[in-house]
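Coordinates as given in data-v3.tsv (TSV, C-alpha atoms and all ligand atoms):
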```tsv
chain	number	residue	atom	x	y	z
A	1	MET	CA	-19.54	-26.08	-30.48
A	2	PRO	CA	-20.42	-22.53	-29.32
A	3	GLN	CA	-20.58	-22.05	-25.56
A	4	PRO	CA	-23.80	-20.77	-24.01
A	5	PRO	CA	-23.58	-17.10	-23.00
A	6	PRO	CA	-22.66	-16.45	-19.34
A	7	PRO	CA	-25.59	-15.72	-17.02
A	8	PRO	CA	-26.34	-11.97	-16.83
A	9	ARG	CA	-24.78	-10.16	-13.85
A	10	ARG	CA	-27.34	-9.17	-11.32
A	11	ALA	CA	-28.15	-5.46	-11.40
A	12	HIS	CA	-28.01	-3.50	-8.19
A	13	PRO	CA	-31.32	-2.66	-6.59
A	14	TYR	CA	-32.01	1.02	-7.29
A	15	GLY	CA	-28.46	1.49	-8.66
A	16	ALA	CA	-26.93	1.21	-5.18
A	17	SER	CA	-23.16	1.01	-4.91
A	18	LEU	CA	-21.60	-2.35	-4.14
A	19	GLU	CA	-19.94	-0.77	-1.14
A	20	GLY	CA	-23.37	0.28	0.16
A	21	LEU	CA	-24.84	-3.17	-0.36
A	22	LEU	CA	-21.80	-4.72	1.29
A	23	SER	CA	-22.06	-2.47	4.35
A	24	VAL	CA	-25.70	-3.40	4.81
A	25	ALA	CA	-24.97	-7.09	4.30
A	26	LEU	CA	-22.12	-7.06	6.82
A	27	GLU	CA	-24.43	-5.44	9.33
A	28	GLN	CA	-27.40	-7.74	8.75
A	29	GLY	CA	-25.61	-11.02	7.93
A	30	GLY	CA	-27.59	-14.09	6.83
A	31	THR	CA	-29.54	-13.79	3.58
A	32	ALA	CA	-28.34	-10.21	3.05
A	33	LEU	CA	-24.87	-11.69	2.52
A	34	ASP	CA	-26.18	-14.31	0.12
A	35	ARG	CA	-27.72	-11.56	-1.99
A	36	LEU	CA	-24.23	-10.18	-2.71
A	37	THR	CA	-23.49	-13.13	-4.94
A	38	GLY	CA	-23.39	-11.97	-8.56
A	39	CYS	CA	-23.29	-8.25	-7.67
A	40	HIS	CA	-20.56	-6.16	-9.18
A	41	PRO	CA	-19.11	-2.69	-8.55
A	42	LEU	CA	-20.42	0.40	-10.31
A	43	ASP	CA	-16.90	1.54	-11.20
A	44	ASP	CA	-13.24	1.29	-10.12
A	45	ARG	CA	-13.84	3.56	-7.16
A	46	ASP	CA	-16.75	1.45	-5.89
A	47	ALA	CA	-14.58	-1.64	-6.40
A	48	ALA	CA	-11.72	-0.15	-4.36
A	49	LEU	CA	-13.98	0.98	-1.50
A	50	SER	CA	-15.69	-2.43	-1.39
A	51	LEU	CA	-12.43	-4.31	-1.36
A	52	LEU	CA	-10.95	-2.12	1.35
A	53	ARG	CA	-14.06	-2.80	3.45
A	54	ILE	CA	-13.54	-6.54	2.98
A	55	HIS	CA	-9.86	-6.21	3.85
A	56	ASP	CA	-10.88	-4.43	7.06
A	57	LEU	CA	-12.41	-7.72	8.16
A	58	HIS	CA	-8.93	-9.26	7.98
A	59	LEU	CA	-6.69	-6.39	9.08
A	60	GLY	CA	-8.74	-3.75	10.90
A	61	PRO	CA	-8.12	-2.72	14.50
A	62	LEU	CA	-9.36	-5.07	17.21
A	63	ASP	CA	-12.89	-3.97	18.00
A	64	PRO	CA	-15.06	-6.32	20.07
A	65	THR	CA	-18.14	-4.26	19.20
A	66	ASP	CA	-17.66	-4.89	15.46
A	67	ALA	CA	-19.72	-8.00	14.74
A	68	SER	CA	-19.02	-7.83	11.00
A	69	THR	CA	-15.68	-9.68	11.35
A	70	ARG	CA	-17.74	-12.83	11.88
A	71	TRP	CA	-18.37	-12.81	8.11
A	72	GLN	CA	-14.68	-12.64	7.15
A	73	HIS	CA	-14.75	-16.06	5.48
A	74	HIS	CA	-18.42	-16.22	4.50
A	75	PRO	CA	-18.62	-17.68	0.97
A	76	ALA	CA	-20.31	-14.55	-0.43
A	77	ILE	CA	-17.55	-12.33	0.99
A	78	ALA	CA	-14.79	-14.70	-0.10
A	79	GLY	CA	-16.27	-14.82	-3.61
A	80	LEU	CA	-16.53	-11.06	-3.84
A	81	LYS	CA	-12.98	-10.64	-2.55
A	82	TRP	CA	-11.70	-13.06	-5.18
A	83	GLU	CA	-13.50	-11.37	-8.07
A	84	LEU	CA	-12.59	-7.82	-7.07
A	85	GLU	CA	-8.95	-8.73	-6.47
A	86	GLU	CA	-8.60	-10.53	-9.79
A	87	ALA	CA	-10.03	-7.49	-11.57
A	88	PHE	CA	-7.72	-5.13	-9.65
A	89	LEU	CA	-4.62	-7.18	-10.44
A	90	ALA	CA	-5.60	-7.36	-14.10
A	91	ARG	CA	-5.88	-3.56	-14.20
A	92	LEU	CA	-2.67	-3.10	-12.23
A	93	ASP	CA	-0.62	-5.29	-14.51
A	94	PRO	CA	-2.05	-5.09	-18.01
A	95	ALA	CA	-0.39	-7.06	-20.76
A	96	GLY	CA	2.24	-8.59	-18.51
A	97	GLY	CA	3.23	-5.29	-16.94
A	98	GLN	CA	4.57	-3.60	-20.07
A	99	GLY	CA	3.10	-0.31	-18.89
A	100	LEU	CA	4.60	-0.47	-15.40
A	101	PRO	CA	7.72	1.43	-14.39
A	102	GLY	CA	10.74	-0.76	-15.03
A	103	ALA	CA	9.18	-3.20	-17.48
A	104	THR	CA	10.66	-6.64	-16.91
A	105	GLU	CA	12.88	-6.68	-19.96
A	106	ALA	CA	14.60	-3.45	-18.87
A	107	LEU	CA	15.50	-4.81	-15.44
A	108	PRO	CA	18.63	-6.74	-14.44
A	109	HIS	CA	18.13	-10.48	-14.11
A	110	ASP	CA	19.41	-10.54	-10.52
A	111	PRO	CA	16.50	-9.74	-8.15
A	112	VAL	CA	18.63	-7.54	-5.86
A	113	ALA	CA	19.89	-5.49	-8.79
A	114	ALA	CA	16.35	-5.36	-10.22
A	115	MET	CA	14.96	-4.05	-6.91
A	116	ARG	CA	17.71	-1.40	-6.81
A	117	ALA	CA	16.83	-0.36	-10.36
A	118	ILE	CA	13.12	-0.05	-9.56
A	119	ALA	CA	13.93	1.99	-6.44
A	120	ALA	CA	16.22	4.26	-8.44
A	121	PHE	CA	13.57	4.70	-11.14
A	122	ASP	CA	11.82	7.43	-9.16
A	123	ARG	CA	13.59	7.50	-5.82
A	124	VAL	CA	12.80	11.17	-5.18
A	125	PRO	CA	10.03	12.37	-7.53
A	126	PRO	CA	9.94	16.14	-8.19
A	127	LEU	CA	6.88	16.40	-5.92
A	128	TYR	CA	9.11	15.79	-2.88
A	129	VAL	CA	11.59	18.44	-3.97
A	130	TRP	CA	8.65	20.83	-4.35
A	131	LEU	CA	7.48	19.94	-0.83
A	132	ALA	CA	10.98	20.58	0.52
A	133	GLU	CA	11.65	23.83	-1.30
A	134	ASP	CA	8.49	25.55	-2.53
A	135	ALA	CA	5.18	24.23	-1.17
A	136	ASP	CA	3.28	26.41	1.29
A	137	ALA	CA	2.23	25.03	4.68
A	138	ALA	CA	-1.33	24.24	3.56
A	139	SER	CA	-0.04	22.14	0.67
A	140	LEU	CA	2.48	20.27	2.80
A	141	LEU	CA	-0.18	19.51	5.41
A	142	ALA	CA	-2.61	18.35	2.73
A	143	PHE	CA	0.07	16.04	1.35
A	144	LEU	CA	0.85	14.58	4.78
A	145	ALA	CA	-2.85	14.02	5.53
A	146	LEU	CA	-3.30	12.05	2.31
A	147	GLU	CA	0.01	10.20	2.48
A	148	GLY	CA	-0.49	8.85	6.01
A	149	GLY	CA	3.27	8.25	6.30
A	150	PRO	CA	5.51	6.45	3.82
A	151	ASP	CA	4.65	3.09	5.32
A	152	GLY	CA	1.11	3.22	6.76
A	153	GLY	CA	0.26	-0.08	8.45
A	154	PHE	CA	3.80	-1.31	7.79
A	155	ASP	CA	4.20	-3.08	11.13
A	156	ASP	CA	1.24	-5.39	10.57
A	157	LEU	CA	2.29	-6.04	6.99
A	158	VAL	CA	5.76	-7.08	8.17
A	159	ALA	CA	4.19	-9.30	10.84
A	160	ILE	CA	2.09	-11.05	8.21
A	161	GLY	CA	4.96	-11.18	5.73
A	162	GLN	CA	7.13	-13.27	8.08
A	163	ILE	CA	4.70	-16.21	8.26
A	164	GLY	CA	6.30	-19.38	6.98
A	165	LEU	CA	9.77	-17.87	6.50
A	166	ASP	CA	12.83	-19.14	8.31
A	167	GLU	CA	16.50	-18.37	8.95
A	168	GLY	CA	17.84	-15.06	7.56
A	169	PRO	CA	14.63	-13.67	6.02
A	170	LYS	CA	12.64	-14.44	9.17
A	171	LEU	CA	15.28	-12.74	11.34
A	172	GLU	CA	15.39	-9.68	9.09
A	173	LEU	CA	11.63	-9.21	9.25
A	174	ALA	CA	11.86	-9.62	13.04
A	175	ARG	CA	14.57	-6.93	13.26
A	176	ASN	CA	12.56	-4.63	11.02
A	177	TYR	CA	9.42	-5.20	13.06
A	178	TRP	CA	11.32	-4.49	16.27
A	179	ASP	CA	12.41	-1.13	14.84
A	180	GLU	CA	8.76	-0.42	13.97
A	181	MET	CA	8.06	-1.16	17.65
A	182	GLY	CA	10.58	1.48	18.72
A	183	ARG	CA	13.01	-1.29	19.73
A	184	GLY	CA	10.84	-1.93	22.76
A	185	GLU	CA	10.39	1.69	23.79
A	186	ALA	CA	6.69	2.55	23.86
A	187	GLY	CA	7.27	6.22	23.03
A	188	ALA	CA	9.25	5.36	19.90
A	189	VAL	CA	6.74	2.99	18.26
A	190	HIS	CA	6.24	4.31	14.74
A	191	THR	CA	2.44	4.42	14.87
A	192	LEU	CA	2.74	6.56	18.01
A	193	LEU	CA	5.25	8.87	16.34
A	194	HIS	CA	2.76	9.24	13.51
A	195	ARG	CA	-0.02	10.04	15.97
A	196	HIS	CA	2.19	12.76	17.47
A	197	LEU	CA	2.72	14.16	13.98
A	198	VAL	CA	-1.03	14.22	13.36
A	199	GLU	CA	-1.63	15.99	16.69
A	200	ALA	CA	1.22	18.48	16.28
A	201	LEU	CA	-0.01	19.54	12.84
A	202	ASP	CA	-3.70	19.05	13.59
A	203	LEU	CA	-3.96	16.97	10.42
A	204	PRO	CA	-7.47	16.06	9.35
A	205	ARG	CA	-8.40	12.40	9.02
A	206	ILE	CA	-9.62	12.08	5.44
A	207	PRO	CA	-12.38	9.47	5.11
A	208	ARG	CA	-11.87	6.93	2.33
A	209	ARG	CA	-14.83	8.27	0.42
A	210	ASP	CA	-13.08	11.65	0.11
A	211	GLN	CA	-9.74	10.22	-1.01
A	212	PRO	CA	-8.70	10.07	-4.66
A	213	LEU	CA	-8.95	6.65	-6.28
A	214	ALA	CA	-5.15	6.49	-6.55
A	215	ALA	CA	-4.86	6.86	-2.76
A	216	LEU	CA	-7.39	4.07	-2.21
A	217	GLU	CA	-5.56	1.78	-4.62
A	218	ARG	CA	-2.21	2.49	-2.98
A	219	SER	CA	-3.64	1.21	0.34
A	220	LEU	CA	-5.43	-1.55	-1.45
A	221	LEU	CA	-2.29	-3.11	-2.85
A	222	GLY	CA	-0.84	-3.60	0.65
A	223	SER	CA	-4.01	-5.07	2.13
A	224	LEU	CA	-4.60	-7.28	-0.92
A	225	LEU	CA	-1.08	-8.72	-0.72
A	226	ALA	CA	-1.32	-9.18	3.05
A	227	THR	CA	-4.62	-11.05	2.86
A	228	SER	CA	-3.64	-13.31	-0.04
A	229	ARG	CA	-1.21	-16.03	0.99
A	230	TRP	CA	-0.44	-16.88	-2.62
A	231	LEU	CA	0.94	-13.35	-3.06
A	232	GLN	CA	3.36	-13.45	-0.11
A	233	PRO	CA	6.42	-13.13	-2.41
A	234	GLU	CA	4.92	-10.02	-4.00
A	235	LEU	CA	4.21	-8.65	-0.51
A	236	LEU	CA	7.86	-9.09	0.45
A	237	GLY	CA	8.97	-7.33	-2.72
A	238	ALA	CA	6.55	-4.44	-2.23
A	239	LEU	CA	7.64	-3.92	1.40
A	240	GLY	CA	11.28	-3.97	0.33
A	241	LEU	CA	10.65	-1.21	-2.20
A	242	ILE	CA	8.93	0.95	0.44
A	243	GLU	CA	12.07	0.67	2.58
A	244	LEU	CA	14.36	1.44	-0.34
A	245	GLN	CA	12.57	4.66	-1.28
A	246	ALA	CA	11.33	6.00	2.05
A	247	GLY	CA	14.61	7.41	3.41
A	248	PRO	CA	15.39	10.05	0.75
A	249	ARG	CA	11.71	10.95	0.36
A	250	CYS	CA	11.30	11.47	4.11
A	251	ARG	CA	14.41	13.68	4.14
A	252	GLN	CA	12.63	16.01	1.73
A	253	VAL	CA	9.55	16.11	3.96
A	254	VAL	CA	11.74	16.94	6.98
A	255	SER	CA	13.30	19.80	4.99
A	256	GLY	CA	9.83	21.12	4.14
A	257	LEU	CA	8.65	20.90	7.76
A	258	ARG	CA	11.77	22.78	8.94
A	259	ARG	CA	11.65	25.41	6.17
A	260	LEU	CA	8.06	26.27	7.09
A	261	GLY	CA	8.80	26.31	10.84
A	262	LEU	CA	6.10	23.76	11.62
A	263	PRO	CA	5.87	22.42	15.21
A	264	ASP	CA	8.72	20.21	16.45
A	265	GLY	CA	6.30	17.41	17.33
A	266	ALA	CA	5.88	16.82	13.62
A	267	LEU	CA	9.54	15.99	13.06
A	268	PRO	CA	10.36	12.69	14.85
A	269	PHE	CA	8.22	10.45	12.61
A	270	TYR	CA	9.82	11.59	9.35
A	271	GLU	CA	13.28	11.99	10.91
A	272	GLU	CA	13.14	8.39	12.13
A	273	HIS	CA	12.27	7.10	8.65
A	274	ALA	CA	14.78	9.39	6.95
A	275	GLY	CA	17.48	7.97	9.23
A	276	THR	CA	16.67	4.27	9.49
A	277	ASP	CA	14.97	3.33	6.23
A	278	PRO	CA	18.13	3.43	4.09
A	279	ARG	CA	19.52	0.76	6.44
A	280	HIS	CA	16.22	-1.14	6.41
A	281	GLY	CA	16.27	-1.08	2.61
A	282	LYS	CA	19.83	-2.42	2.39
A	283	ASP	CA	19.18	-5.09	5.02
A	284	TRP	CA	15.97	-6.15	3.21
A	285	LEU	CA	17.95	-6.61	0.01
A	286	ASP	CA	20.77	-8.51	1.73
A	287	HIS	CA	18.73	-10.73	4.01
A	288	VAL	CA	15.33	-11.14	2.31
A	289	ILE	CA	15.57	-10.53	-1.43
A	290	ALA	CA	19.03	-12.07	-1.97
A	291	PRO	CA	18.44	-15.42	-0.25
A	292	LEU	CA	14.83	-15.88	-1.38
A	293	GLY	CA	15.69	-14.63	-4.85
A	294	ASN	CA	18.07	-17.55	-5.35
A	295	ASP	CA	14.95	-19.38	-6.43
A	296	PRO	CA	14.32	-17.94	-9.91
A	297	VAL	CA	10.52	-18.16	-9.69
A	298	LEU	CA	10.49	-16.55	-6.26
A	299	GLY	CA	12.98	-13.93	-7.45
A	300	ARG	CA	10.74	-12.85	-10.32
A	301	ARG	CA	7.77	-12.58	-8.00
A	302	LEU	CA	9.63	-10.51	-5.38
A	303	VAL	CA	10.52	-8.08	-8.16
A	304	GLN	CA	6.96	-8.14	-9.43
A	305	GLY	CA	5.69	-6.99	-6.03
A	306	ALA	CA	8.14	-4.08	-6.10
A	307	ARG	CA	6.93	-3.10	-9.59
A	308	TRP	CA	3.32	-3.18	-8.46
A	309	ARG	CA	4.11	-0.99	-5.47
A	310	SER	CA	6.08	1.38	-7.67
A	311	ALA	CA	3.10	1.66	-10.03
A	312	VAL	CA	0.44	2.38	-7.38
A	313	ASN	CA	2.67	4.83	-5.54
A	314	ARG	CA	3.52	6.63	-8.76
A	315	ARG	CA	-0.17	7.03	-9.58
A	316	PHE	CA	-0.83	8.20	-6.03
A	317	LEU	CA	1.89	10.87	-6.18
A	318	MET	CA	0.67	12.09	-9.57
A	319	ALA	CA	-2.90	12.36	-8.26
A	320	VAL	CA	-1.72	14.24	-5.17
A	321	ALA	CA	0.45	16.58	-7.23
A	322	GLU	CA	-2.52	17.36	-9.43
A	323	HIS	CA	-4.79	17.85	-6.43
A	324	LEU	CA	-2.32	20.20	-4.70
A	325	GLY	CA	-1.86	22.40	-7.72
A	326	PRO	CA	1.61	22.03	-9.20
A	327	GLY	CA	0.40	19.43	-11.72
A	328	ALA	CA	0.43	15.66	-12.09
A	329	GLU	CA	3.71	15.72	-14.02
A	330	ILE	CA	5.75	16.56	-10.91
A	331	GLY	CA	4.33	13.52	-9.07
A	332	ALA	CA	6.58	11.21	-11.00
A	333	THR	CA	10.07	11.24	-12.40
A	334	PRO	CA	9.89	11.90	-16.16
A	335	PRO	CA	10.51	8.65	-18.10
A	336	SER	CA	13.66	10.05	-19.75
A	337	ALA	CA	15.22	10.93	-16.38
A	338	ALA	CA	14.11	7.61	-14.92
A	339	VAL	CA	15.87	5.68	-17.66
A	340	ALA	CA	19.08	7.54	-16.91
A	341	ALA	CA	18.80	6.90	-13.14
A	401	FE	FE	7.87	2.85	10.11
A	402	FE	FE	11.63	1.01	7.78
```
Same coordinates, now as structure tokens:
Amino acid sequence: MPQPPPPPRRAHPYGASLEGLLSVALEQGGTALDRLTGCHPLDDRDAALSLLRIHDLHLGPLDPTDASTRWQHHPAIAGLKWELEEAFLARLDPAGGQGLPGATEALPHDPVAAMRAIAAFDRVPPLYVWLAEDADAASLLAFLALEGGPDGGFDDLVAIGQIGLDEGPKLELARNYWDEMGRGEAGAVHTLLHRHLVEALDLPRIPRRDQPLAALERSLLGSLLATSRWLQPELLGALGLIELQAGPRCRQVVSGLRRLGLPDGALPFYEEHAGTDPRHGKDWLDHVIAPLGNDPVLGRRLVQGARWRSAVNRRFLMAVAEHLGPGAEIGATPPSAAVAA
């Protein structure tokens, strides 16, 4: 028997963006929130901006003047979050991920070996070599402003990722977090080192609305995984991949900063990651991926998170490379070279 057609989606009043409607609803609360039910984004960009705004309710800085966090779990917000995230994940992983770097069938069965293979796939994309050897200062600064560090928000993501773990994996996330906290030294906390970099280079803060979609979706993956308990394995895999790739990439950025004679205050953040992330990556494999990956279902999902992160970061680097001038193709390792890696 044919099913009745689904109810029509509610059109936006006056063609307003979902993000705009959401901002108003979060400010006004009450029936304004109820009116969000059935609304949908104008396009992928509107979807990403809306979802990031919702994730802010979960992960944003503590701000007692921000009353909108009261609506974090309002049914209209929860429903919107669910719908937008499902659509994002479907776009991220079409047809079982066949289009993602390191399609499942090409990866080793062992999760540790699979993570290593994904990391090697485009460990140092040509864009980083260009930043180290050829880019002018304006291009390097524009890259750094958009990148926001190799691991923006990493400390909070690690803190959330450790919930419900025990033994070795819990300890490893604690050690990693402690390094993020400068091993107890206030001046060495990574977010502070990044602030010093921003000040030393006078980097502009680029509002979300001015960022390319690929940059929004790169942030979005982290906040989506961190606010979705059912995706905790994928979060752990994605964080592991960040650690595995950050060291050699940061070394290239340090070379670029030195070559261009940029202020010394810019160096400690990238030097720290160039030095410690190779160890973080190895320790994450040994103490998080290996033990958790003994469970075959968990193992596949850890690897899946790494593949997702690889995909969004690859798109981000291609978009940045195009934006900066040398062309999208240098934002990613060519497939032929990646296969040989
Ligand atoms: Fe860090
Ligand atoms: Fe790290």
- Message: Can you pull out the residues contacting region 30-45 of chain A? Cut-off 8 Å, using only C-alpha atoms, and skip same-chain residues under 3 positions away; I want them as a PyMOL selection string.
- Response: chain A and resi 9-12+17-19+21-22+24-26+48-50+76-77+79-80+213
Query raised in the report: Within 6 Å of Leu203 (chain A), counting only C-alpha atoms, which residues qualify if same-chain residues fewer than 2 places away don't, as a PyMOL selection string?
Result: chain A and resi 145+198+201
### Task
Using only C-alpha atoms and all ligand atoms, find each protein or nucleic acid residue lying at most 12 Å from ligand FE 402 (chain A); present the set as a VMD selection string.
chain A and resid 149 to 155 157 to 158 172 to 182 189 to 190 239 to 247 250 269 to 284
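Across the structure, CA of Val253 (chain A) and CA of Arg208 (chain A) are spaced 23.4 Å apart.
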Skipping near chain neighbours, those fewer than 5 positions away, what residues fall within 7 Å of Arg218 (chain A) using only C-alpha atoms, listed as a ChimeraX atom specification?
/A:312-313,316
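Coordinates place CA of Arg53 (chain A) at a distance of 16.3 Å from CA of Thr65 (chain A).
Nearest residue to ligand FE 401 (chain A) among A:Glu133, A:Asp156, A:Glu86, A:Asp66 is A:Asp156, counting only C-alpha atoms and all ligand atoms.
Here CA of Glu147 (chain A) is placed at a distance of 16.7 Å from CA of Pro326 (chain A).
Of the residues under consideration (A:Arg209, A:Asp264, A:Gly256, A:Trp308), A:Trp308 shows the shortest atom-to-atom contact distance to Ala90 (chain A) when counting all atoms listed in the file.
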Show me the residues close to (4.2, -10.1, -2.8) - anything with an atom within 10 Å, counting all atoms listed in the file - and format the list as a ChimeraX atom specification.
/A:161,221-222,224-226,228-240,298,301-306,308-309
Residues as selected, C-alpha atoms, written as a PDB file, in the coordinates of the input, can you do that?
```pdb
ATOM      1  CA  GLY A 161       4.960 -11.180   5.730  1.00  0.00           C
ATOM      2  CA  LEU A 221      -2.290  -3.110  -2.850  1.00  0.00           C
ATOM      3  CA  GLY A 222      -0.840  -3.600   0.650  1.00  0.00           C
ATOM      4  CA  LEU A 224      -4.600  -7.280  -0.920  1.00  0.00           C
ATOM      5  CA  LEU A 225      -1.080  -8.720  -0.720  1.00  0.00           C
ATOM      6  CA  ALA A 226      -1.320  -9.180   3.050  1.00  0.00           C
ATOM      7  CA  SER A 228      -3.640 -13.310  -0.040  1.00  0.00           C
ATOM      8  CA  ARG A 229      -1.210 -16.030   0.990  1.00  0.00           C
ATOM      9  CA  TRP A 230      -0.440 -16.880  -2.620  1.00  0.00           C
ATOM     10  CA  LEU A 231       0.940 -13.350  -3.060  1.00  0.00           C
ATOM     11  CA  GLN A 232       3.360 -13.450  -0.110  1.00  0.00           C
ATOM     12  CA  PRO A 233       6.420 -13.130  -2.410  1.00  0.00           C
ATOM     13  CA  GLU A 234       4.920 -10.020  -4.000  1.00  0.00           C
ATOM     14  CA  LEU A 235       4.210  -8.650  -0.510  1.00  0.00           C
ATOM     15  CA  LEU A 236       7.860  -9.090   0.450  1.00  0.00           C
ATOM     16  CA  GLY A 237       8.970  -7.330  -2.720  1.00  0.00           C
ATOM     17  CA  ALA A 238       6.550  -4.440  -2.230  1.00  0.00           C
ATOM     18  CA  LEU A 239       7.640  -3.920   1.400  1.00  0.00           C
ATOM     19  CA  GLY A 240      11.280  -3.970   0.330  1.00  0.00           C
ATOM     20  CA  LEU A 298      10.490 -16.550  -6.260  1.00  0.00           C
ATOM     21  CA  ARG A 301       7.770 -12.580  -8.000  1.00  0.00           C
ATOM     22  CA  LEU A 302       9.630 -10.510  -5.380  1.00  0.00           C
ATOM     23  CA  VAL A 303      10.520  -8.080  -8.160  1.00  0.00           C
ATOM     24  CA  GLN A 304       6.960  -8.140  -9.430  1.00  0.00           C
ATOM     25  CA  GLY A 305       5.690  -6.990  -6.030  1.00  0.00           C
ATOM     26  CA  ALA A 306       8.140  -4.080  -6.100  1.00  0.00           C
ATOM     27  CA  TRP A 308       3.320  -3.180  -8.460  1.00  0.00           C
ATOM     28  CA  ARG A 309       4.110  -0.990  -5.470  1.00  0.00           C
TER      29      ARG A 309
END
```
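Of the listed residues (A:Glu322, A:Asp210, A:Asp166, A:Asp202), A:Asp166 comes nearest to His287 (chain A); the distances count all atoms listed in the file.
The smallest atom-to-atom distance between ligand FE 401 (chain A) and any of A:Ala113, A:Leu193, A:Leu292, A:Ala332, using all atoms listed in the file, is found for A:Leu193.
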With distances taken over only C-alpha atoms and all ligand atoms, the candidate from A:Leu59, A:Ala67, A:Ala188, A:Leu51 nearest ligand FE 401 (chain A) is A:Ala188
Please put the answer as AutoDock Vina command-line options: centre and edge lengths, in Å with one decimal, of a box along x, y and z that encloses all listed atoms of region 268-279 of chain A plus 4 Å on each side.
```
--center_x 13.9 --center_y 6.7 --center_z 9.5 --size_x 19.3 --size_y 19.9 --size_z 18.8
```
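With all atoms listed in the file as the atoms that count, the residue of A:Pro268, A:Pro207, A:Pro61, A:Pro75 with the shortest distance to ligand FE 401 (chain A) is A:Pro268.
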